[in-house]
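Here is the file my_file_34.cif (mmCIF, C-alpha atoms and all ligand atoms).
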data_entry
#
loop_
_atom_site.label_atom_id
_atom_site.label_comp_id
_atom_site.auth_asym_id
_atom_site.auth_seq_id
_atom_site.Cartn_x
_atom_site.Cartn_y
_atom_site.Cartn_z
CA MET U 976 -34.84 16.23 1.79
CA LYS U 977 -35.79 12.55 1.46
CA ALA U 978 -33.23 9.95 2.45
CA TYR U 979 -32.81 6.40 3.73
CA LEU U 980 -31.38 6.28 7.25
CA VAL U 981 -29.68 3.36 8.96
CA GLN U 982 -30.31 3.88 12.68
CA LYS U 983 -29.31 0.39 13.87
CA TRP U 984 -27.63 -2.53 12.09
CA CYS U 985 -30.57 -3.98 10.21
CA GLU U 986 -31.97 -5.49 7.03
CA PRO U 987 -32.51 -3.10 4.07
CA GLU U 988 -36.30 -3.23 4.59
CA GLU U 989 -35.82 -1.92 8.15
CA MET U 990 -34.04 1.28 7.07
CA LEU U 991 -36.04 4.45 7.70
CA PHE U 992 -37.25 6.39 4.63
CA THR U 993 -37.70 9.86 6.03
CA ASP U 994 -37.18 13.63 5.77
CA VAL U 995 -33.79 14.81 7.03
CA GLU U 996 -31.88 18.10 7.04
CA GLU U 997 -29.82 18.86 3.93
CA PRO U 998 -26.16 17.95 4.54
CA LEU U 999 -23.71 20.71 5.47
CA TYR U 1000 -20.72 21.15 3.16
CA LYS U 1001 -17.22 22.15 4.21
CA GLU U 1002 -14.87 24.57 2.40
CA ASN U 1003 -13.39 21.80 0.24
CA GLU U 1004 -16.72 20.06 -0.41
CA VAL U 1005 -19.38 20.23 -3.09
CA LEU U 1006 -23.11 19.90 -2.39
CA VAL U 1007 -24.62 17.76 -5.14
CA ASP U 1008 -28.28 17.35 -6.16
CA VAL U 1009 -28.23 13.60 -6.54
CA HIS U 1010 -29.75 12.37 -9.81
CA ALA U 1011 -28.59 8.75 -9.61
CA CYS U 1012 -26.88 6.48 -7.11
CA GLY U 1013 -25.25 3.12 -7.84
CA VAL U 1014 -26.38 0.15 -5.76
CA ASN U 1015 -23.49 -2.07 -4.78
CA PHE U 1016 -23.16 -5.53 -3.26
CA PRO U 1017 -21.42 -4.16 -0.12
CA ASP U 1018 -24.38 -1.81 0.59
CA LEU U 1019 -26.18 -4.78 2.16
CA LEU U 1020 -23.20 -5.67 4.36
CA LEU U 1021 -22.78 -2.03 5.38
CA ILE U 1022 -26.42 -1.76 6.48
CA GLN U 1023 -26.18 -5.06 8.37
CA GLY U 1024 -22.98 -3.94 10.13
CA LYS U 1025 -21.02 -6.77 8.48
CA TYR U 1026 -18.76 -4.69 6.23
CA GLN U 1027 -15.10 -3.87 6.98
CA MET U 1028 -16.15 -0.22 7.38
CA ARG U 1029 -18.71 0.34 10.20
CA PRO U 1030 -19.93 3.96 10.04
CA THR U 1031 -21.28 5.80 13.08
CA ARG U 1032 -25.07 5.54 13.10
CA PRO U 1033 -27.35 7.06 11.99
CA PHE U 1034 -25.96 7.21 8.46
CA ILE U 1035 -27.22 7.28 4.89
CA PRO U 1036 -25.80 4.54 2.62
CA GLY U 1037 -24.85 5.09 -1.03
CA ALA U 1038 -21.23 5.03 -2.20
CA GLU U 1039 -21.31 6.30 -5.81
CA ILE U 1040 -23.41 9.13 -7.14
CA SER U 1041 -24.01 11.42 -10.07
CA GLY U 1042 -25.88 14.71 -10.20
CA VAL U 1043 -25.68 18.47 -10.54
CA VAL U 1044 -23.60 20.80 -8.38
CA SER U 1045 -25.89 22.82 -6.13
CA LYS U 1046 -23.35 24.66 -3.93
CA VAL U 1047 -19.56 24.75 -3.60
CA GLY U 1048 -17.36 25.32 -0.56
CA SER U 1049 -15.10 28.40 -0.47
CA LYS U 1050 -11.92 26.46 -1.37
CA VAL U 1051 -13.41 24.45 -4.26
CA THR U 1052 -11.68 25.32 -7.56
CA GLN U 1053 -12.70 22.69 -10.13
CA PHE U 1054 -16.50 22.84 -9.96
CA GLN U 1055 -19.25 25.43 -10.06
CA GLU U 1056 -23.01 25.51 -9.63
CA GLY U 1057 -24.80 23.67 -12.42
CA ASP U 1058 -21.87 21.35 -13.38
CA LYS U 1059 -22.83 17.75 -14.09
CA VAL U 1060 -20.65 15.55 -11.89
CA TYR U 1061 -20.15 12.01 -10.69
CA GLY U 1062 -18.00 10.59 -7.94
CA ALA U 1063 -17.43 8.58 -4.79
CA SER U 1064 -19.52 9.69 -1.83
CA PHE U 1065 -18.80 6.44 0.08
CA LEU U 1066 -21.89 7.27 2.20
CA GLY U 1067 -24.90 9.53 1.73
CA GLY U 1068 -25.96 8.67 -1.83
CA TYR U 1069 -29.39 7.24 -0.95
CA ALA U 1070 -30.69 10.82 -0.61
CA GLN U 1071 -31.71 13.84 -2.65
CA LYS U 1072 -28.52 15.73 -1.76
CA VAL U 1073 -25.05 14.74 -0.64
CA SER U 1074 -21.87 16.66 0.13
CA VAL U 1075 -18.73 15.20 -1.44
CA PRO U 1076 -15.06 16.27 -1.17
CA GLU U 1077 -13.99 18.00 -4.38
CA LYS U 1078 -11.19 15.47 -4.88
CA ASN U 1079 -13.75 12.63 -5.12
CA LEU U 1080 -15.69 14.20 -8.01
CA TYR U 1081 -15.28 14.26 -11.81
CA HIS U 1082 -17.08 16.06 -14.62
CA ILE U 1083 -19.47 13.76 -16.49
CA PRO U 1084 -18.07 13.14 -19.99
CA GLN U 1085 -20.18 14.36 -22.88
CA GLY U 1086 -22.95 11.96 -23.87
CA MET U 1087 -22.92 10.02 -20.59
CA SER U 1088 -26.25 9.80 -18.72
CA PHE U 1089 -26.54 10.27 -14.97
CA GLU U 1090 -27.48 6.58 -14.69
CA GLU U 1091 -24.32 5.50 -16.51
CA ALA U 1092 -22.13 7.98 -14.65
CA CYS U 1093 -23.00 6.83 -11.14
CA GLY U 1094 -21.64 3.36 -11.92
CA PHE U 1095 -18.44 4.73 -13.36
CA VAL U 1096 -16.73 5.30 -10.01
CA VAL U 1097 -16.42 2.32 -7.65
CA THR U 1098 -17.21 -0.36 -10.22
CA TYR U 1099 -15.19 0.82 -13.21
CA GLN U 1100 -12.24 2.12 -11.22
CA SER U 1101 -12.06 -1.14 -9.23
CA SER U 1102 -12.05 -3.17 -12.42
CA TYR U 1103 -9.38 -0.87 -13.88
CA PHE U 1104 -7.10 -1.38 -10.87
CA GLY U 1105 -7.85 -5.11 -10.85
CA VAL U 1106 -7.09 -5.70 -14.52
CA ILE U 1107 -4.33 -3.17 -15.14
CA VAL U 1108 -2.54 -2.43 -11.86
CA ARG U 1109 -2.86 -5.72 -9.98
CA GLY U 1110 -3.35 -8.05 -12.95
CA GLN U 1111 -0.80 -6.31 -15.24
CA LEU U 1112 -2.77 -7.52 -18.28
CA GLN U 1113 -0.89 -7.09 -21.58
CA ALA U 1114 -2.38 -6.68 -25.06
CA LYS U 1115 -1.58 -10.14 -26.39
CA GLU U 1116 -2.67 -11.98 -23.23
CA THR U 1117 -5.92 -13.70 -22.27
CA LEU U 1118 -8.09 -12.42 -19.44
CA LEU U 1119 -10.65 -14.55 -17.59
CA VAL U 1120 -13.41 -12.64 -15.79
CA HIS U 1121 -15.66 -14.49 -13.33
CA ALA U 1122 -19.27 -13.38 -12.81
CA GLY U 1123 -18.88 -11.75 -16.21
CA ALA U 1124 -22.41 -10.34 -16.27
CA GLY U 1125 -22.08 -8.47 -12.95
CA GLY U 1126 -20.97 -4.89 -12.37
CA ILE U 1127 -17.30 -5.76 -11.90
CA GLY U 1128 -17.63 -8.49 -14.53
CA THR U 1129 -18.99 -6.38 -17.41
CA SER U 1130 -16.62 -3.50 -16.70
CA ALA U 1131 -13.56 -5.78 -16.40
CA ILE U 1132 -14.46 -7.43 -19.73
CA GLN U 1133 -14.70 -4.01 -21.41
CA ILE U 1134 -11.37 -2.91 -19.94
CA GLY U 1135 -9.74 -6.16 -21.13
CA LYS U 1136 -11.02 -5.49 -24.64
CA ALA U 1137 -9.86 -1.86 -24.45
CA LEU U 1138 -6.33 -3.17 -23.82
CA GLY U 1139 -6.56 -5.46 -26.83
CA ALA U 1140 -6.58 -8.74 -24.88
CA LYS U 1141 -8.60 -11.87 -25.59
CA VAL U 1142 -11.32 -12.08 -22.94
CA TYR U 1143 -13.06 -15.15 -21.55
CA ALA U 1144 -15.82 -14.96 -18.95
CA THR U 1145 -17.80 -17.26 -16.69
CA VAL U 1146 -21.39 -16.74 -15.50
CA GLY U 1147 -23.91 -18.60 -13.36
CA SER U 1148 -26.82 -18.93 -15.79
CA GLU U 1149 -27.60 -19.30 -19.48
CA GLU U 1150 -29.31 -15.87 -19.63
CA LYS U 1151 -26.20 -14.14 -18.36
CA ILE U 1152 -24.07 -15.63 -21.16
CA GLU U 1153 -25.58 -13.10 -23.57
CA ILE U 1154 -24.82 -10.20 -21.20
CA ALA U 1155 -21.15 -11.14 -20.90
CA LYS U 1156 -20.99 -11.42 -24.70
CA GLN U 1157 -22.69 -8.04 -25.02
CA ALA U 1158 -19.97 -6.60 -22.75
CA GLY U 1159 -17.41 -7.94 -25.23
CA ALA U 1160 -16.33 -11.38 -24.01
CA ASP U 1161 -14.98 -13.58 -26.79
CA LEU U 1162 -16.00 -16.82 -25.06
CA VAL U 1163 -18.37 -17.37 -22.13
CA PHE U 1164 -18.63 -20.47 -19.90
CA ASN U 1165 -21.38 -21.37 -17.46
CA TYR U 1166 -19.60 -22.24 -14.20
CA ASN U 1167 -22.36 -24.62 -13.22
CA ASP U 1168 -20.71 -26.92 -15.74
CA SER U 1169 -17.87 -28.17 -13.55
CA THR U 1170 -15.59 -28.79 -16.53
CA TRP U 1171 -15.14 -25.06 -17.39
CA SER U 1172 -11.61 -24.88 -16.04
CA LYS U 1173 -10.44 -28.04 -17.76
CA LYS U 1174 -12.02 -26.87 -21.03
CA ILE U 1175 -10.27 -23.50 -20.87
CA ARG U 1176 -6.91 -25.16 -20.24
CA LYS U 1177 -7.20 -28.01 -22.76
CA GLU U 1178 -9.26 -26.48 -25.57
CA TYR U 1179 -8.73 -22.72 -25.34
CA GLY U 1180 -5.07 -22.19 -24.37
CA GLY U 1181 -5.48 -21.25 -20.70
CA VAL U 1182 -5.47 -17.68 -19.37
CA ASP U 1183 -2.89 -15.15 -18.14
CA VAL U 1184 -4.95 -12.99 -15.79
CA VAL U 1185 -8.03 -13.91 -13.74
CA ILE U 1186 -10.42 -11.37 -12.18
CA ASP U 1187 -12.35 -13.08 -9.41
CA PRO U 1188 -15.19 -11.34 -7.55
CA VAL U 1189 -16.78 -14.70 -6.56
CA GLY U 1190 -14.28 -16.64 -4.41
CA GLY U 1191 -14.58 -20.21 -3.10
CA GLU U 1192 -14.16 -23.04 -5.55
CA ILE U 1193 -14.28 -20.68 -8.54
CA LEU U 1194 -10.92 -19.29 -7.48
CA GLU U 1195 -9.58 -22.73 -6.56
CA LYS U 1196 -10.39 -24.04 -10.05
CA SER U 1197 -8.97 -20.94 -11.73
CA ILE U 1198 -5.45 -22.02 -10.78
CA LEU U 1199 -5.90 -25.08 -13.00
CA CYS U 1200 -6.36 -23.01 -16.15
CA THR U 1201 -3.86 -20.23 -15.40
CA ASN U 1202 -0.77 -20.18 -17.60
CA PHE U 1203 2.92 -19.85 -16.66
CA GLU U 1204 3.51 -16.57 -14.75
CA GLY U 1205 -0.23 -15.88 -14.71
CA ARG U 1206 -1.85 -13.51 -12.17
CA ILE U 1207 -5.04 -14.25 -10.25
CA VAL U 1208 -6.67 -11.16 -8.73
CA VAL U 1209 -8.87 -11.61 -5.64
CA VAL U 1210 -11.63 -8.97 -5.95
CA GLY U 1211 -14.50 -10.23 -3.82
CA PHE U 1212 -16.43 -13.09 -2.28
CA THR U 1213 -19.97 -12.96 -3.66
CA SER U 1214 -20.24 -16.74 -3.21
CA GLY U 1215 -19.82 -16.12 0.53
CA LYS U 1216 -16.81 -18.45 0.51
CA ILE U 1217 -13.10 -17.76 0.93
CA ALA U 1218 -11.00 -20.03 -1.29
CA GLN U 1219 -8.76 -22.68 0.25
CA VAL U 1220 -5.78 -22.37 -2.05
CA ALA U 1221 -3.47 -25.27 -2.89
CA THR U 1222 -0.27 -23.21 -2.86
CA ASN U 1223 1.69 -26.07 -4.43
CA LEU U 1224 -0.26 -25.42 -7.64
CA LEU U 1225 0.84 -21.78 -7.58
CA LEU U 1226 4.44 -22.88 -7.26
CA LEU U 1227 4.22 -25.44 -10.05
CA ASN U 1228 3.39 -22.82 -12.69
CA ASN U 1229 4.92 -19.63 -11.22
CA ILE U 1230 1.44 -18.18 -10.67
CA SER U 1231 0.88 -15.05 -8.56
CA LEU U 1232 -2.20 -14.69 -6.38
CA VAL U 1233 -2.76 -10.99 -5.65
CA GLY U 1234 -5.40 -8.98 -3.80
CA LEU U 1235 -7.23 -5.84 -4.80
CA TYR U 1236 -8.59 -3.22 -2.41
CA TRP U 1237 -9.40 -0.24 -4.65
CA ASN U 1238 -10.19 2.00 -1.68
CA LEU U 1239 -6.51 2.16 -0.73
CA TYR U 1240 -5.59 3.53 -4.17
CA PHE U 1241 -8.45 6.00 -3.97
CA MET U 1242 -7.41 7.25 -0.54
CA ASN U 1243 -3.64 7.29 -1.02
CA PHE U 1244 -2.69 7.54 -4.70
CA PRO U 1245 -4.67 10.34 -6.38
CA GLU U 1246 -2.30 10.45 -9.37
CA LYS U 1247 -3.06 6.80 -10.17
CA ILE U 1248 -6.79 7.54 -9.90
CA HIS U 1249 -6.46 10.44 -12.37
CA GLU U 1250 -4.72 8.15 -14.85
CA ALA U 1251 -7.55 5.64 -14.48
CA VAL U 1252 -10.23 8.31 -14.97
CA ASP U 1253 -8.50 9.67 -18.10
CA ASP U 1254 -8.26 6.20 -19.65
CA LEU U 1255 -11.84 5.29 -18.74
CA HIS U 1256 -13.18 8.55 -20.20
CA LEU U 1257 -11.19 8.04 -23.40
CA TRP U 1258 -12.52 4.50 -23.77
CA TYR U 1259 -16.05 5.73 -23.03
CA LYS U 1260 -15.75 8.22 -25.91
CA LYS U 1261 -14.66 5.33 -28.15
CA GLY U 1262 -17.72 3.33 -27.02
CA ILE U 1263 -15.64 0.62 -25.27
CA THR U 1264 -16.29 1.24 -21.56
CA LYS U 1265 -20.05 1.72 -21.63
CA PRO U 1266 -21.95 0.80 -18.45
CA ILE U 1267 -24.70 -1.79 -18.89
CA ILE U 1268 -27.73 -0.89 -16.78
CA TYR U 1269 -29.98 -3.73 -15.61
CA LYS U 1270 -32.71 -1.58 -14.08
CA THR U 1271 -33.38 1.74 -12.36
CA PHE U 1272 -35.41 2.00 -9.15
CA GLU U 1273 -36.95 4.99 -7.39
CA LEU U 1274 -35.25 6.07 -4.16
CA LYS U 1275 -38.14 4.75 -2.07
CA ASP U 1276 -37.53 1.28 -3.55
CA ALA U 1277 -33.87 1.13 -2.45
CA PRO U 1278 -34.39 -2.02 -0.30
CA LEU U 1279 -35.77 -3.87 -3.34
CA ALA U 1280 -32.88 -2.59 -5.45
CA ILE U 1281 -30.37 -3.94 -2.91
CA ARG U 1282 -32.11 -7.34 -2.83
CA THR U 1283 -32.10 -7.45 -6.62
CA VAL U 1284 -28.31 -7.11 -6.58
CA THR U 1285 -27.58 -9.49 -3.74
CA GLN U 1286 -30.06 -12.19 -4.77
CA ARG U 1287 -28.19 -12.67 -8.03
CA LYS U 1288 -31.08 -11.43 -10.15
CA SER U 1289 -29.39 -8.46 -11.80
CA TYR U 1290 -26.69 -7.99 -14.38
CA GLY U 1291 -24.51 -4.92 -15.05
CA LYS U 1292 -25.49 -2.02 -12.77
CA VAL U 1293 -28.56 -1.47 -10.63
CA VAL U 1294 -29.23 2.24 -10.17
CA LEU U 1295 -31.44 4.43 -7.97
CA LYS U 1296 -32.89 7.20 -10.13
CA ILE U 1297 -33.41 9.98 -7.66
CA LYS U 1298 -34.22 13.00 -9.85
N1 LIG O 1301 -11.78 -5.43 -3.92
C1 LIG O 1301 -12.32 -4.28 -4.26
O1 LIG O 1301 -11.67 -3.22 -4.17
C2 LIG O 1301 -13.73 -4.29 -4.74
C3 LIG O 1301 -14.27 -3.16 -5.39
C4 LIG O 1301 -15.57 -3.24 -5.86
C5 LIG O 1301 -16.33 -4.40 -5.66
N2 LIG O 1301 -15.78 -5.45 -4.99
C6 LIG O 1301 -16.51 -6.68 -4.74
O2 LIG O 1301 -16.71 -7.37 -5.96
C7 LIG O 1301 -17.85 -8.19 -5.82
C8 LIG O 1301 -18.72 -8.04 -7.05
O3 LIG O 1301 -19.25 -6.75 -7.13
P1 LIG O 1301 -20.27 -6.41 -8.30
O4 LIG O 1301 -20.52 -4.96 -8.22
O5 LIG O 1301 -19.78 -6.97 -9.58
O6 LIG O 1301 -21.55 -7.23 -7.84
P2 LIG O 1301 -22.74 -7.78 -8.75
O7 LIG O 1301 -22.98 -6.87 -9.90
O8 LIG O 1301 -23.84 -8.09 -7.83
O9 LIG O 1301 -22.17 -9.14 -9.35
C9 LIG O 1301 -21.81 -10.19 -8.52
C10 LIG O 1301 -22.04 -11.51 -9.24
O10 LIG O 1301 -21.51 -12.54 -8.41
C11 LIG O 1301 -22.09 -13.75 -8.86
N3 LIG O 1301 -22.36 -14.65 -7.73
C12 LIG O 1301 -21.83 -15.86 -7.58
N4 LIG O 1301 -22.27 -16.45 -6.48
C13 LIG O 1301 -23.14 -15.58 -5.92
C14 LIG O 1301 -23.94 -15.65 -4.75
N5 LIG O 1301 -23.94 -16.72 -3.95
N6 LIG O 1301 -24.72 -14.59 -4.45
C15 LIG O 1301 -24.71 -13.50 -5.23
N7 LIG O 1301 -23.97 -13.39 -6.36
C16 LIG O 1301 -23.19 -14.43 -6.69
C17 LIG O 1301 -23.36 -13.40 -9.60
O11 LIG O 1301 -23.17 -13.71 -10.97
P3 LIG O 1301 -23.63 -15.13 -11.55
O12 LIG O 1301 -25.10 -15.25 -11.28
O13 LIG O 1301 -23.28 -15.03 -12.97
O14 LIG O 1301 -22.83 -16.15 -10.80
C18 LIG O 1301 -23.48 -11.90 -9.46
O15 LIG O 1301 -24.04 -11.30 -10.59
C19 LIG O 1301 -18.52 -7.79 -4.52
O16 LIG O 1301 -18.18 -8.73 -3.54
C20 LIG O 1301 -17.90 -6.46 -4.18
O17 LIG O 1301 -17.87 -6.23 -2.80
C21 LIG O 1301 -14.50 -5.40 -4.53
#

Mind turning the file's structure into structure tokens?
Amino acid sequence: MKAYLVQKWCEPEEMLFTDVEEPLYKENEVLVDVHACGVNFPDLLLIQGKYQMRPTRPFIPGAEISGVVSKVGSKVTQFQEGDKVYGASFLGGYAQKVSVPEKNLYHIPQGMSFEEACGFVVTYQSSYFGVIVRGQLQAKETLLVHAGAGGIGTSAIQIGKALGAKVYATVGSEEKIEIAKQAGADLVFNYNDSTWSKKIRKEYGGVDVVIDPVGGEILEKSILCTNFEGRIVVVGFTSGKIAQVATNLLLLNNISLVGLYWNLYFMNFPEKIHEAVDDLHLWYKKGITKPIIYKTFELKDAPLAIRTVTQRKSYGKVVLKIK
């Protein structure tokens, strides 16, 4: 089968596009014919050897996939050949086949395309845990989502709307304002205008929960527009900067600054993950949590797909269409 191999820590363009043996599958694993694979910001860091997880080389990147079940291990009970599935592979998705533990897979809901489904794992579940579990967003509250046109951004906006909250978003360009609105944001601010935080506080009532995948000064300024007992959720650092937080400002308004590492829920709390999947599927059926796809790329163009994500060109999800 065709796959992208990382043999040494390298740039995406230096990965090897080659023929490799089909993966073996264990008794509790499912062999999936990959139809689509989500491209994520951390894929670049993983290939460069700069991510918190450093897999043994050689390895195939690709954390979230969708496809059709080709073979099942002897202890698999929930899936059979021909089922349409999506799930978290963590590695191995940039290939025509991947073996995935049964517990990491879900049936694709009716009406959902393979391209939509592959983005429904890491991105949507992370946003769910950010907004609901760590942020504790309530129906009558206001949510602020930074980088509101990105993968986390668009999905967090949709989840905020699903809960019945008012949702504000920030983005880094005029074109992305429309995308955040399309995802459901009630108001969108361009964070290149340095007054966004002041405006939100003075003119739009402040916010109760902040989802921040950007970091740096975006997080620092968020404290200024967060209301009494508000929650700021640290999701990522796409700006490349870690915020220097003035903790006195947290104290002055009883604000909580909390972290999110979705992986830990995925690994250790399967019952919470099932709850999240049920809610996300229900909202998908209602048309609320619908992935926005920027572009699909062929497998051979994976390096370009990664650059498109990390060079801030894309919005929503970038997807490798493999079959
Ligand atoms: N904590 C967790 O468990 C968890 C789970 C999943 C993802 N994440 C993290 O969340 C972050 C966002 O993921 P995503 O899938 O939403 O990525 P994405 O779709 O690429 O969106 C990231 C957005 O960040 C903004 N950005 C601001 N400064 C940037 C810069 N210097 N370079 C690139 N982008 C910049 C861009 O929006 P504008 O152009 O509008 O500024 C970009 O669209 C990543 O860091 C990822 O690792 C964390």

List all protein, DNA and RNA residues that have any atom at most 6 Å from ligand LIG 1301 (chain O), counting only C-alpha atoms and all ligand atoms, and write the list as a count of residues only.
-> 32

Would you mind listing what lies within 7 Å of Gly1094 (chain U) as JSON, numbers by chain, with all atoms listed in the file counted and same-chain residues fewer than 6 positions away left out?
-> {"U": [1013, 1039, 1292]}

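Between CA of Leu1138 (chain U) and CA of Pro1266 (chain U) lies a distance of 17.0 Å.
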
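CA of Ile1022 (chain U) lies 6.7 Å from CA of Glu986 (chain U).
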
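Here CA of Cys1012 (chain U) and CA of Cys1093 (chain U) stand 5.6 Å from one another.
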
At most 9 Å from (1.7, -27.0, -14.1), file frame, all atoms listed in the file: which residues, as a ChimeraX atom specification?
-> /U:1199,1201-1203,1224-1229

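With distances restricted to only C-alpha atoms, U:Val1294 is the closest residue to Lys1270 (chain U) from U:Val1294, U:Cys985, U:Met1087, U:Val1044.
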
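Using all atoms listed in the file, the nearest neighbour of Ser1172 (chain U) within the list U:Ile1132, U:Leu1119, U:Thr993, U:Ile1152 is U:Leu1119.
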
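If you measure from each of U:Ala1070, U:Ile1198, U:Ile1281, U:Ala1038 to Thr1222 (chain U) using all atoms listed in the file, the closest one turns out to be U:Ile1198.
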
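Taking all atoms listed in the file into account, Leu1295 (chain U) lies nearest to U:Phe1089 out of the set U:Tyr1166, U:Phe1089, U:Phe992, U:Tyr1000.
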
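Counting only C-alpha atoms and comparing U:Met976, U:Ile1297, U:Val1185, U:Val1014, the residue that lies closest to Leu1232 (chain U) is U:Val1185.
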
Non-local contacts of Val1163 (chain U) (6 Å; only C-alpha atoms; under 2 positions in same chain excluded) as number ranges by chain = U: 1143-1145

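Residue nearest Asp1276 (chain U), chosen from U:Lys1260, U:Lys1216, U:Arg1109, U:Lys1296 and counting all atoms listed in the file: U:Lys1296.
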
For Tyr1061 (chain U), list every protein, DNA or RNA residue within 10 Å, evaluated using all atoms listed in the file, and leave out those in the same chain fewer than 5 positions away; present the list as a count of residues only.
-> 26

Produce region 1117-1178 of chain U of the given structure as output with C-alpha atoms, as a short mmCIF file (atom, residue, chain, number, x, y, z; two decimals), in the first residue's frame.
data_model
loop_
_atom_site.label_atom_id
_atom_site.label_comp_id
_atom_site.auth_asym_id
_atom_site.auth_seq_id
_atom_site.Cartn_x
_atom_site.Cartn_y
_atom_site.Cartn_z
CA THR U 1117 -21.33 34.05 26.40
CA LEU U 1118 -18.50 32.08 24.80
CA LEU U 1119 -15.49 33.68 23.10
CA VAL U 1120 -13.64 31.48 20.60
CA HIS U 1121 -10.23 32.60 19.31
CA ALA U 1122 -9.09 31.62 15.80
CA GLY U 1123 -12.78 31.13 15.13
CA ALA U 1124 -12.28 30.05 11.51
CA GLY U 1125 -9.87 27.21 12.35
CA GLY U 1126 -10.68 23.56 13.03
CA ILE U 1127 -10.99 23.99 16.79
CA GLY U 1128 -12.52 27.43 16.24
CA THR U 1129 -15.41 26.44 13.93
CA SER U 1130 -16.24 23.34 15.96
CA ALA U 1131 -16.14 25.20 19.30
CA ILE U 1132 -18.48 27.87 17.89
CA GLN U 1133 -20.93 25.19 16.74
CA ILE U 1134 -20.82 23.47 20.14
CA GLY U 1135 -21.41 26.80 21.89
CA LYS U 1136 -24.48 27.38 19.72
CA ALA U 1137 -25.67 23.80 20.35
CA LEU U 1138 -25.68 24.61 24.08
CA GLY U 1139 -27.72 27.75 23.48
CA ALA U 1140 -24.97 30.24 24.40
CA LYS U 1141 -24.17 33.55 22.76
CA VAL U 1142 -20.93 33.08 20.81
CA TYR U 1143 -18.29 35.67 19.93
CA ALA U 1144 -15.21 34.84 17.88
CA THR U 1145 -11.93 36.43 16.86
CA VAL U 1146 -10.00 35.79 13.62
CA GLY U 1147 -6.81 37.04 11.99
CA SER U 1148 -8.15 38.31 8.66
CA GLU U 1149 -11.22 39.89 7.09
CA GLU U 1150 -11.88 36.81 4.90
CA LYS U 1151 -12.07 34.56 7.94
CA ILE U 1152 -14.79 36.72 9.53
CA GLU U 1153 -17.31 35.19 7.13
CA ILE U 1154 -16.19 31.64 8.00
CA ALA U 1155 -16.64 32.19 11.73
CA LYS U 1156 -20.09 33.65 11.02
CA GLN U 1157 -20.90 30.67 8.81
CA ALA U 1158 -19.98 28.42 11.75
CA GLY U 1159 -22.57 30.30 13.81
CA ALA U 1160 -20.74 33.10 15.65
CA ASP U 1161 -23.03 35.97 16.59
CA LEU U 1162 -20.23 38.55 16.51
CA VAL U 1163 -16.73 38.30 15.02
CA PHE U 1164 -13.72 40.54 15.76
CA ASN U 1165 -10.46 40.79 13.84
CA TYR U 1166 -7.70 40.47 16.46
CA ASN U 1167 -5.37 42.58 14.39
CA ASP U 1168 -7.46 45.46 15.71
CA SER U 1169 -5.87 45.76 19.15
CA THR U 1170 -9.05 47.13 20.72
CA TRP U 1171 -11.03 43.86 20.39
CA SER U 1172 -10.82 43.02 24.07
CA LYS U 1173 -11.80 46.48 25.25
CA LYS U 1174 -14.71 46.52 22.78
CA ILE U 1175 -16.02 43.16 24.00
CA ARG U 1176 -15.88 44.32 27.62
CA LYS U 1177 -17.28 47.83 27.16
CA GLU U 1178 -19.74 47.41 24.28
#
